[in-house]
$ cat upload_1.cif   # mmCIF, C-alpha atoms
data_structure
loop_
_atom_site.label_atom_id
_atom_site.label_comp_id
_atom_site.auth_asym_id
_atom_site.auth_seq_id
_atom_site.Cartn_x
_atom_site.Cartn_y
_atom_site.Cartn_z
CA MET G 1 99.37 58.30 84.34
CA LYS G 2 100.78 59.31 80.94
CA ILE G 3 104.20 60.96 81.25
CA LEU G 4 104.21 64.59 80.16
CA GLN G 5 106.93 65.10 77.55
CA HIS G 6 108.72 68.45 77.34
CA ASP G 7 112.24 69.78 76.81
CA PHE G 8 113.41 69.07 80.36
CA THR G 9 112.01 65.50 80.50
CA GLN G 10 115.08 64.10 78.76
CA THR G 11 117.32 65.88 81.27
CA ILE G 12 115.43 64.09 84.07
CA ILE G 13 115.90 60.74 82.33
CA ASN G 14 119.59 61.42 81.69
CA ILE G 15 120.20 62.18 85.38
CA LEU G 16 118.35 59.02 86.39
CA ASN G 17 120.44 57.03 83.91
CA LYS G 18 123.59 58.44 85.53
CA TYR G 19 122.58 56.86 88.84
CA PHE G 20 120.75 53.84 87.44
CA PRO G 21 122.09 53.05 83.94
CA ARG G 22 119.42 52.19 81.34
CA TYR G 23 116.61 52.42 83.92
CA GLY G 24 115.82 56.14 83.67
CA ASP G 25 112.59 55.77 81.70
CA ILE G 26 111.36 52.92 83.87
CA ILE G 27 112.08 54.79 87.12
CA LEU G 28 110.25 57.88 85.87
CA LYS G 29 107.22 55.75 85.00
CA ASN G 30 107.26 54.14 88.44
CA SER G 31 107.77 57.24 90.56
CA GLN G 32 104.90 59.60 91.32
CA LEU G 33 107.28 62.13 92.87
CA LEU G 34 109.45 62.20 89.74
CA GLN G 35 106.38 62.53 87.54
CA TYR G 36 105.25 65.46 89.65
CA ILE G 37 108.68 67.09 89.35
CA ASN G 38 108.54 66.47 85.60
CA ILE G 39 105.23 68.35 85.44
CA LYS G 40 106.68 71.22 87.46
CA THR G 41 109.81 71.62 85.31
CA LYS G 42 108.22 72.11 81.90
CA ALA G 43 109.21 75.81 81.87
CA ALA G 44 112.91 75.01 82.33
CA ASN G 45 114.24 75.61 78.84
CA ARG G 46 111.64 77.97 77.42
CA GLY G 47 112.09 81.68 77.04
CA SER G 48 109.01 81.85 79.16
CA LYS G 49 107.62 84.88 80.97
CA SER G 50 105.70 82.61 83.29
CA ARG G 51 106.65 82.64 86.94
CA SER G 52 109.06 79.83 87.75
CA ARG G 53 107.14 78.72 90.84
CA PHE G 54 110.14 77.47 92.80
CA ALA G 55 108.23 77.13 96.07
CA ASN G 56 107.15 73.51 95.58
CA HIS G 57 110.48 72.52 94.04
CA TYR G 58 112.33 73.99 96.99
CA ALA G 59 110.06 72.40 99.59
CA ILE G 60 111.04 69.01 98.15
CA TYR G 61 114.66 70.08 97.73
CA VAL G 62 115.36 71.22 101.29
CA LEU G 63 113.73 68.15 102.83
CA ILE G 64 115.69 65.81 100.56
CA GLU G 65 118.85 67.79 101.25
CA ASP G 66 118.26 67.30 104.98
CA TYR G 67 117.60 63.58 104.33
CA LEU G 68 120.89 63.23 102.40
CA GLN G 69 122.98 65.24 104.84
CA LYS G 70 122.01 62.82 107.60
CA GLU G 71 122.74 59.91 105.22
CA PHE G 72 119.36 58.25 105.50
CA HIS G 73 119.75 57.20 101.86
CA LEU G 74 122.61 54.97 103.00
CA LYS G 75 121.16 53.66 106.25
CA ASN G 76 117.84 52.87 107.88
CA GLY G 77 116.18 54.74 110.72
CA TYR G 78 114.41 57.66 109.07
CA GLU G 79 111.21 56.60 110.80
CA ASP G 80 112.93 57.39 114.12
CA TYR G 81 114.27 60.78 112.98
CA GLU G 82 112.95 63.75 114.99
CA GLY G 83 112.35 65.72 111.79
CA ALA G 84 113.76 68.91 110.29
CA GLN G 85 112.97 72.20 111.98
CA TYR G 86 110.72 74.57 110.06
CA ILE G 87 112.91 77.66 110.56
CA ASN G 88 115.96 75.84 109.16
CA LEU G 89 114.04 74.67 106.11
CA LEU G 90 112.64 78.13 105.41
CA MET G 91 116.04 79.79 105.80
CA ARG G 92 117.61 77.24 103.45
CA GLN G 93 114.91 77.84 100.82
CA ARG G 94 115.62 81.55 100.90
CA GLU G 95 119.33 80.94 100.35
CA LEU G 96 118.63 79.21 97.04
CA PRO G 97 118.51 81.09 93.70
CA PHE G 98 115.21 82.97 93.22
CA GLY G 99 114.13 81.86 96.70
CA ASN G 100 114.64 84.97 98.80
CA LYS G 101 110.91 85.82 99.00
CA LEU G 102 109.50 82.33 99.47
CA GLN G 103 107.03 81.81 102.29
CA ASN G 104 105.80 78.74 104.14
CA HIS G 105 102.80 77.79 101.97
CA ALA G 106 104.48 74.97 100.06
CA LEU G 107 105.94 73.34 103.15
CA ASN G 108 102.69 73.58 105.10
CA HIS G 109 100.07 72.49 102.59
CA ARG G 110 100.33 73.73 99.00
CA LEU G 111 102.73 71.09 97.73
CA ASN G 112 100.66 68.27 99.20
CA GLU G 113 97.42 69.74 97.87
CA GLU G 114 98.77 70.10 94.36
CA PHE G 115 100.32 66.62 94.45
CA LYS G 116 96.89 65.20 95.33
CA LYS G 117 95.37 66.85 92.25
CA TYR G 118 97.70 64.90 89.99
CA PHE G 119 97.82 61.67 92.01
CA HIS G 120 94.46 61.57 93.77
CA THR G 121 94.62 57.78 94.26
CA SER G 122 98.11 57.83 95.79
CA ASP G 123 98.54 56.48 99.28
CA TYR G 124 101.27 59.01 100.00
CA LEU G 125 101.85 62.76 100.18
CA PRO G 126 105.35 64.23 99.74
CA ILE G 127 105.56 66.14 103.03
CA ILE G 128 104.84 64.79 106.49
CA ARG G 129 104.40 67.48 109.13
CA ASP G 130 103.92 67.52 112.89
CA SER G 131 102.12 70.81 113.52
CA THR G 132 102.66 70.62 117.29
CA THR G 133 106.47 70.41 117.07
CA ASN G 134 106.79 72.16 113.69
CA ARG G 135 108.97 69.31 112.41
CA TYR G 136 108.97 68.10 108.81
CA TRP G 137 109.90 64.95 106.89
CA ILE G 138 109.97 63.95 103.24
CA ASN G 139 107.80 60.88 102.69
CA GLU G 140 110.40 58.15 102.30
CA ASN G 141 107.87 55.90 100.58
CA LEU G 142 108.11 58.23 97.55
CA LEU G 143 111.91 57.97 97.54
CA LYS G 144 112.06 54.18 97.35
CA ILE G 145 111.15 52.54 94.04
CA GLU G 146 110.83 48.85 93.28
CA ILE G 147 112.57 47.85 90.05
CA GLY G 148 112.18 44.12 89.58
CA GLU G 149 113.28 42.57 92.86
CA GLN G 150 115.43 45.55 93.79
CA VAL G 151 114.45 48.60 95.87
CA ILE G 152 116.34 51.74 94.90
CA ASN G 153 116.52 55.13 96.59
CA ILE G 154 116.12 58.09 94.20
CA SER G 155 116.81 60.92 96.68
CA GLU G 156 120.24 61.85 95.24
CA SER G 157 118.91 61.92 91.70
CA ILE G 158 115.98 64.14 92.71
CA LYS G 159 118.35 66.68 94.25
CA ASP G 160 120.43 66.68 91.05
CA ILE G 161 117.28 67.08 88.91
CA ILE G 162 116.13 70.13 90.86
CA ASP G 163 119.67 71.55 90.72
CA ALA G 164 119.60 71.13 86.92
CA TYR G 165 116.22 72.86 86.74
CA ILE G 166 117.52 75.79 88.80
CA GLN G 167 120.49 76.11 86.45
CA ALA G 168 118.24 76.01 83.38
CA ARG G 169 116.05 78.77 84.79
CA MET G 170 119.12 80.82 85.69
CA ASN G 171 120.41 80.45 82.13
CA SER G 172 117.04 81.60 80.78
CA PHE G 173 117.05 84.58 83.14
CA ASN G 174 120.61 85.50 82.13
CA GLU G 175 119.67 85.39 78.44
CA PHE G 176 116.77 87.73 79.21
CA VAL G 177 119.11 90.16 80.99
CA ILE G 178 121.40 90.14 77.94
CA TYR G 179 118.45 91.09 75.70
CA CYS G 180 117.56 93.90 78.09
CA GLN G 181 121.12 95.19 78.01
CA LYS G 182 121.13 95.13 74.22
CA MET G 183 117.87 97.05 74.09
CA ILE G 184 119.30 99.67 76.43
CA GLU G 185 122.44 99.96 74.30
CA ILE G 186 120.50 100.65 71.10
CA GLN G 187 120.20 104.25 72.20
CA ASN G 188 123.83 104.61 71.14
CA HIS G 189 123.27 103.18 67.65
CA SER G 190 121.88 104.77 64.56
CA SER G 191 118.11 104.70 64.30
CA GLU G 192 118.38 102.34 61.30
CA ALA G 193 120.40 99.83 63.31
CA ALA G 194 117.99 100.11 66.22
CA ILE G 195 114.98 99.54 63.98
CA GLU G 196 116.58 96.44 62.45
CA PHE G 197 117.35 95.17 65.94
CA ILE G 198 113.70 95.56 66.92
CA ARG G 199 112.61 93.64 63.82
CA SER G 200 115.05 90.87 64.76
CA LEU G 201 113.24 90.52 68.10
CA LEU G 202 109.92 89.70 66.44
CA LYS G 203 110.63 86.00 66.05
CA PRO G 204 108.81 82.94 67.44
CA ASN G 205 111.91 81.78 69.35
CA ILE G 206 112.54 85.07 71.15
CA ASP G 207 112.32 85.20 74.94
CA ALA G 208 108.65 85.72 75.78
CA ARG G 209 109.39 88.58 78.17
CA VAL G 210 111.31 90.42 75.46
CA PHE G 211 108.45 89.77 73.05
CA GLU G 212 105.99 91.31 75.51
CA ILE G 213 108.13 94.43 75.92
CA VAL G 214 108.55 94.91 72.16
CA SER G 215 104.85 94.19 71.51
CA TYR G 216 103.83 96.78 74.05
CA ALA G 217 106.13 99.45 72.63
CA ILE G 218 104.90 98.86 69.08
CA LEU G 219 101.20 98.74 69.97
CA LYS G 220 101.36 101.71 72.32
CA HIS G 221 102.67 104.02 69.60
CA TYR G 222 100.53 102.43 66.89
CA TYR G 223 97.33 103.14 68.82
CA ALA G 224 98.57 106.59 69.90
CA GLU G 225 97.91 107.80 66.35
CA GLN G 226 94.23 106.85 66.59
CA LYS G 227 91.56 109.18 67.97
CA ILE G 228 88.18 108.53 69.53
CA TYR G 229 85.32 111.02 69.76
CA TRP G 230 83.05 110.61 72.74
CA GLY G 231 80.85 112.55 75.08
CA TRP G 232 77.72 112.68 77.17
CA SER G 233 75.80 114.35 74.36
CA GLN G 234 76.12 114.67 70.60
CA HIS G 235 76.75 118.38 70.95
CA GLU G 236 79.69 118.12 73.37
CA LEU G 237 82.26 115.61 72.21
CA ASN G 238 85.71 114.95 73.64
CA ILE G 239 88.63 113.99 71.42
CA ASP G 240 91.12 111.54 72.93
CA HIS G 241 94.00 109.54 71.51
CA LEU G 242 94.06 105.86 72.42
CA ILE G 243 96.50 105.15 75.26
CA LEU G 244 97.86 101.69 76.02
CA TYR G 245 98.97 100.97 79.60
CA LYS G 246 101.14 98.07 80.77
CA THR G 247 99.77 96.43 83.91
CA GLY G 248 103.12 95.47 85.41
CA ARG G 249 106.30 93.55 84.86
CA THR G 250 106.34 90.64 82.48
CA ASN G 251 106.20 88.00 85.22
CA ALA G 252 103.62 89.84 87.31
CA ASN G 253 100.62 88.12 88.80
CA ASP G 254 98.29 90.37 86.82
CA GLY G 255 95.20 88.17 86.59
CA GLY G 256 95.73 87.43 82.93
CA ILE G 257 95.84 91.01 81.61
CA ASP G 258 99.08 92.48 80.27
CA PHE G 259 97.90 95.74 78.67
CA VAL G 260 94.83 97.94 79.13
CA MET G 261 93.65 100.58 76.66
CA LYS G 262 92.03 103.86 77.61
CA PRO G 263 89.40 105.17 76.89
CA LEU G 264 88.04 102.09 75.06
CA GLY G 265 88.73 99.73 77.95
CA ARG G 266 90.27 96.99 75.80
CA PHE G 267 92.22 94.20 77.50
CA PHE G 268 95.33 92.60 75.94
CA GLN G 269 97.02 89.36 76.89
CA VAL G 270 100.42 88.36 75.46
CA THR G 271 101.00 84.62 75.08
CA GLU G 272 103.21 82.06 73.38
CA THR G 273 100.83 79.14 73.58
CA LEU G 274 97.88 77.84 71.59
CA ASP G 275 96.33 76.17 74.61
CA THR G 276 92.62 76.92 74.48
CA GLY G 277 92.27 76.12 78.17
CA LYS G 278 94.76 78.87 78.99
CA TYR G 279 92.94 81.37 76.74
CA PHE G 280 89.57 80.61 78.24
CA LEU G 281 91.01 80.74 81.77
CA ASP G 282 92.24 84.27 81.04
CA ILE G 283 88.77 85.16 79.76
CA ASP G 284 87.18 83.66 82.88
CA LYS G 285 89.47 85.75 85.11
CA VAL G 286 87.90 88.91 83.73
CA GLN G 287 84.33 87.58 83.85
CA LYS G 288 84.25 86.84 80.10
CA TYR G 289 85.18 90.39 79.18
CA PRO G 290 86.55 90.48 75.59
CA VAL G 291 90.32 90.04 75.37
CA THR G 292 92.77 90.72 72.52
CA PHE G 293 95.47 88.05 72.35
CA VAL G 294 98.94 88.97 71.13
CA ILE G 295 100.46 85.63 70.13
CA LYS G 296 104.17 84.93 69.63
CA THR G 297 103.74 83.06 66.37
CA GLU G 298 103.96 83.60 62.62
CA GLU G 299 100.91 81.41 61.96
CA GLU G 300 98.05 83.16 60.15
CA VAL G 301 95.30 84.66 62.29
CA GLU G 302 92.57 82.59 60.62
CA TYR G 303 94.52 79.40 61.33
CA LEU G 304 94.97 80.42 64.98
CA LEU G 305 91.27 81.11 65.49
CA ASN G 306 90.34 77.81 63.84
CA LYS G 307 92.83 75.98 66.03
CA ILE G 308 91.43 77.57 69.18
CA GLU G 309 87.88 76.69 68.15
CA GLU G 310 88.83 73.08 67.32
CA GLN G 311 90.35 72.63 70.77
CA ALA G 312 87.28 74.24 72.32
CA LYS G 313 84.98 71.79 70.54
CA THR G 314 87.02 68.88 71.87
CA ARG G 315 87.06 70.26 75.38
CA TYR G 316 83.53 71.66 75.78
CA GLN G 317 81.36 70.20 72.99
CA ILE G 318 78.41 72.44 73.91
CA LYS G 319 78.00 74.93 71.05
CA ALA G 320 76.58 77.74 73.18
CA ILE G 321 79.57 77.63 75.53
CA ILE G 322 82.05 77.54 72.66
CA LYS G 323 80.31 80.46 70.95
CA LYS G 324 80.38 82.52 74.13
CA TYR G 325 84.12 82.00 74.62
CA MET G 326 84.99 82.60 70.97
CA GLU G 327 83.06 85.88 71.04
CA CYS G 328 85.29 86.96 73.92
CA ILE G 329 88.35 86.82 71.68
CA GLU G 330 88.15 90.41 70.47
CA GLU G 331 91.17 90.21 68.18
CA VAL G 332 94.25 88.10 67.53
CA ILE G 333 97.53 89.87 66.77
CA ASN G 334 100.38 87.70 65.48
CA ILE G 335 103.99 88.53 64.62
CA PRO G 336 103.30 89.54 60.98
CA GLU G 337 100.59 91.94 62.20
CA LEU G 338 102.99 93.42 64.77
CA ILE G 339 105.53 94.01 62.00
CA LEU G 340 102.87 95.76 59.89
CA ARG G 341 101.95 97.98 62.83
CA PHE G 342 105.60 98.73 63.52
CA ASN G 343 106.06 99.74 59.88
CA LYS G 344 102.97 101.93 60.15
CA GLY G 345 104.51 103.59 63.20
CA LEU G 346 107.67 104.27 61.21
CA GLU G 347 105.54 106.06 58.59
CA PHE G 348 104.42 108.41 61.35
CA GLN G 349 108.03 108.95 62.47
CA LYS G 350 107.42 106.91 65.63
CA GLY G 351 110.59 104.81 65.42
CA ILE G 352 112.45 106.79 68.09
CA GLN G 353 109.48 106.67 70.48
CA VAL G 354 109.22 102.90 70.08
CA ILE G 355 112.94 102.55 70.79
CA GLU G 356 112.69 104.78 73.87
CA GLU G 357 109.70 102.79 75.15
CA ILE G 358 111.59 99.51 74.73
CA VAL G 359 114.55 100.99 76.57
CA LEU G 360 112.29 102.22 79.39
CA GLN G 361 110.53 98.89 79.81
CA SER G 362 113.85 97.03 79.58
CA ARG G 363 115.23 99.11 82.42
CA VAL G 364 112.20 98.21 84.53
CA GLU G 365 112.80 94.53 83.86
CA PHE G 366 116.57 94.77 84.20
CA ASN G 367 116.25 96.33 87.64
CA MET G 368 113.69 93.81 88.76
CA GLU G 369 114.41 91.56 91.70
CA GLU G 370 115.06 88.00 90.69
CA GLU G 371 112.11 85.96 89.49
CA ALA G 372 111.14 85.12 93.03
CA VAL G 373 108.45 87.82 92.96
CA GLY G 374 105.17 85.99 93.44
CA ASP G 375 106.71 82.51 93.30
CA GLU G 376 105.17 81.48 96.57
CA VAL G 377 101.65 81.92 95.24
#
$ encode --input "upload_1.cif" --output "structure tokens"
Amino acid sequence: MKILQHDFTQTIINILNKYFPRYGDIILKNSQLLQYINIKTKAANRGSKSRSRFANHYAIYVLIEDYLQKEFHLKNGYEDYEGAQYINLLMRQRELPFGNKLQNHALNHRLNEEFKKYFHTSDYLPIIRDSTTNRYWINENLLKIEIGEQVINISESIKDIIDAYIQARMNSFNEFVIYCQKMIEIQNHSSEAAIEFIRSLLKPNIDARVFEIVSYAILKHYYAEQKIYWGWSQHELNIDHLILYKTGRTNANDGGIDFVMKPLGRFFQVTETLDTGKYFLDIDKVQKYPVTFVIKTEEEVEYLLNKIEEQAKTRYQIKAIIKKYMECIEEVINIPELILRFNKGLEFQKGIQVIEEIVLQSRVEFNMEEEAVGDEV
């Protein structure tokens, strides 16, 4: 299996090198469990709004922690161990950062099921469970790696890797909180300073949750200036301004829809990726209903659409399928377009309303419970 490379991959290799000097790369290539953890830690250093999904990490973590506490990494006899009690494992998971709402799904089946998707030919699953006694074990076969003629135990390094991932996610969360605090404080600045601060947030490297908040505030007040005339007959027409609604918090499990517009019924999804599979998955979630994508990039819209279509051709090949999906991309809004729409809002004296909306949404996020919301799903 080809090793997925992302920002946190080097951290994994560095930790392995600490325990096994110069063998980090080799150990990663020879360990299915490490490769799985590598896949599950790709969000570590991004300003990502995606849910951190700690459930599977923590299922591995608490079982390895139990394994290490009883020093099975230093001695034999794990095959005779009575196993860890479920209630102790669950309580320990909930003590960990972002883990207070975790449930039992990962321990009972979800981790093993997902592991099988990536390593369907593997002889082993990470968790061994006795459903009659409710006792659990980590599969020791996945902790022991053959390097040449030597068998090494990677349990300590796995615990350190997950600890490092937790810390990276905490750092990302803390940076997000700082942005929220700054956006709340702009009420006390001059409107000019506040407006310049908002413009500074429209950058490709900004935290994705902050980008979603700012995008919503700008688009809400941009569309609020537009009217629609509608009715059940040509003689009796209603006049409504367009209203943009936010479906929930930035890490909500919202089915792929971030904003909804009334009365036109437009759907908006905010994203930082150019992964066609992700776009089409969002479209599938709403039964191929047209979606407007707000993309955290400065690339030109035409380039973005071409890139999406190129990936679609590689993935699907069938022209009719590609055409259907591409028609479901109602509009693409990039950072330059957001800036234009913000400037248009300023022309209509909407700067203060945008600021107030950002402050409101920041308070919602700032008061949110830690990112554990929905992590167990």
$ resolve_selection --input "upload_1.cif" --expression "the PyMOL selection byres ((chain G and resi 266) around 10)" --output "PyMOL selection string"
chain G and resi 244+259-265+267-268+289-292+330
$ closest_residue --input "upload_1.cif" --among "G:Leu281, G:Ile333, G:Ile339, G:Ile127" --to "Glu299 in chain G" --atoms "all atoms listed in the file"
G:Ile333
$ closest_residue --input "upload_1.cif" --among "G:Tyr136, G:Asn153, G:Gly148, G:Met91" --to "Leu68 in chain G" --atoms "all atoms listed in the file"
G:Asn153
$ atom_distance --input "upload_1.cif" --atom1 "CA of Ile166 in chain G" --atom2 "CA of Lys246 in chain G"
28.8 Å
$ closest_residue --input "upload_1.cif" --among "G:Gln32, G:Ile355, G:Gly345, G:Glu310" --to "Thr121 in chain G" --atoms "only C-alpha atoms"
G:Gln32
$ residues_near_point --input "upload_1.cif" --point "(115.6, 58.3, 89.3)" --cutoff "10 Å" --atoms "only C-alpha atoms" --output "VMD selection string"
chain G and resid 12 to 21 23 to 31 33 to 34 143 to 145 152 to 158 160 to 161
$ atom_distance --input "upload_1.cif" --atom1 "CA of Pro126 in chain G" --atom2 "CA of Asn139 in chain G"
5.1 Å
$ atom_distance --input "upload_1.cif" --atom1 "CA of Glu225 in chain G" --atom2 "CA of Phe348 in chain G"
8.2 Å
$ resolve_selection --input "upload_1.cif" --expression "the PyMOL selection byres ((chain G and resi 9) around 10)" --output "JSON, numbers by chain"
{"G": [3, 4, 5, 6, 7, 8, 10, 11, 12, 13, 14, 25, 28, 35, 37, 38, 39, 41, 42, 44]}
$ residues_around --input "upload_1.cif" --residues "range 107-110 of chain G" --least-positions-apart "6" --cutoff "8 Å" --atoms "all atoms listed in the file" --output "list in words"
Asn56, Ala59, Ile127 and Arg129 of chain G
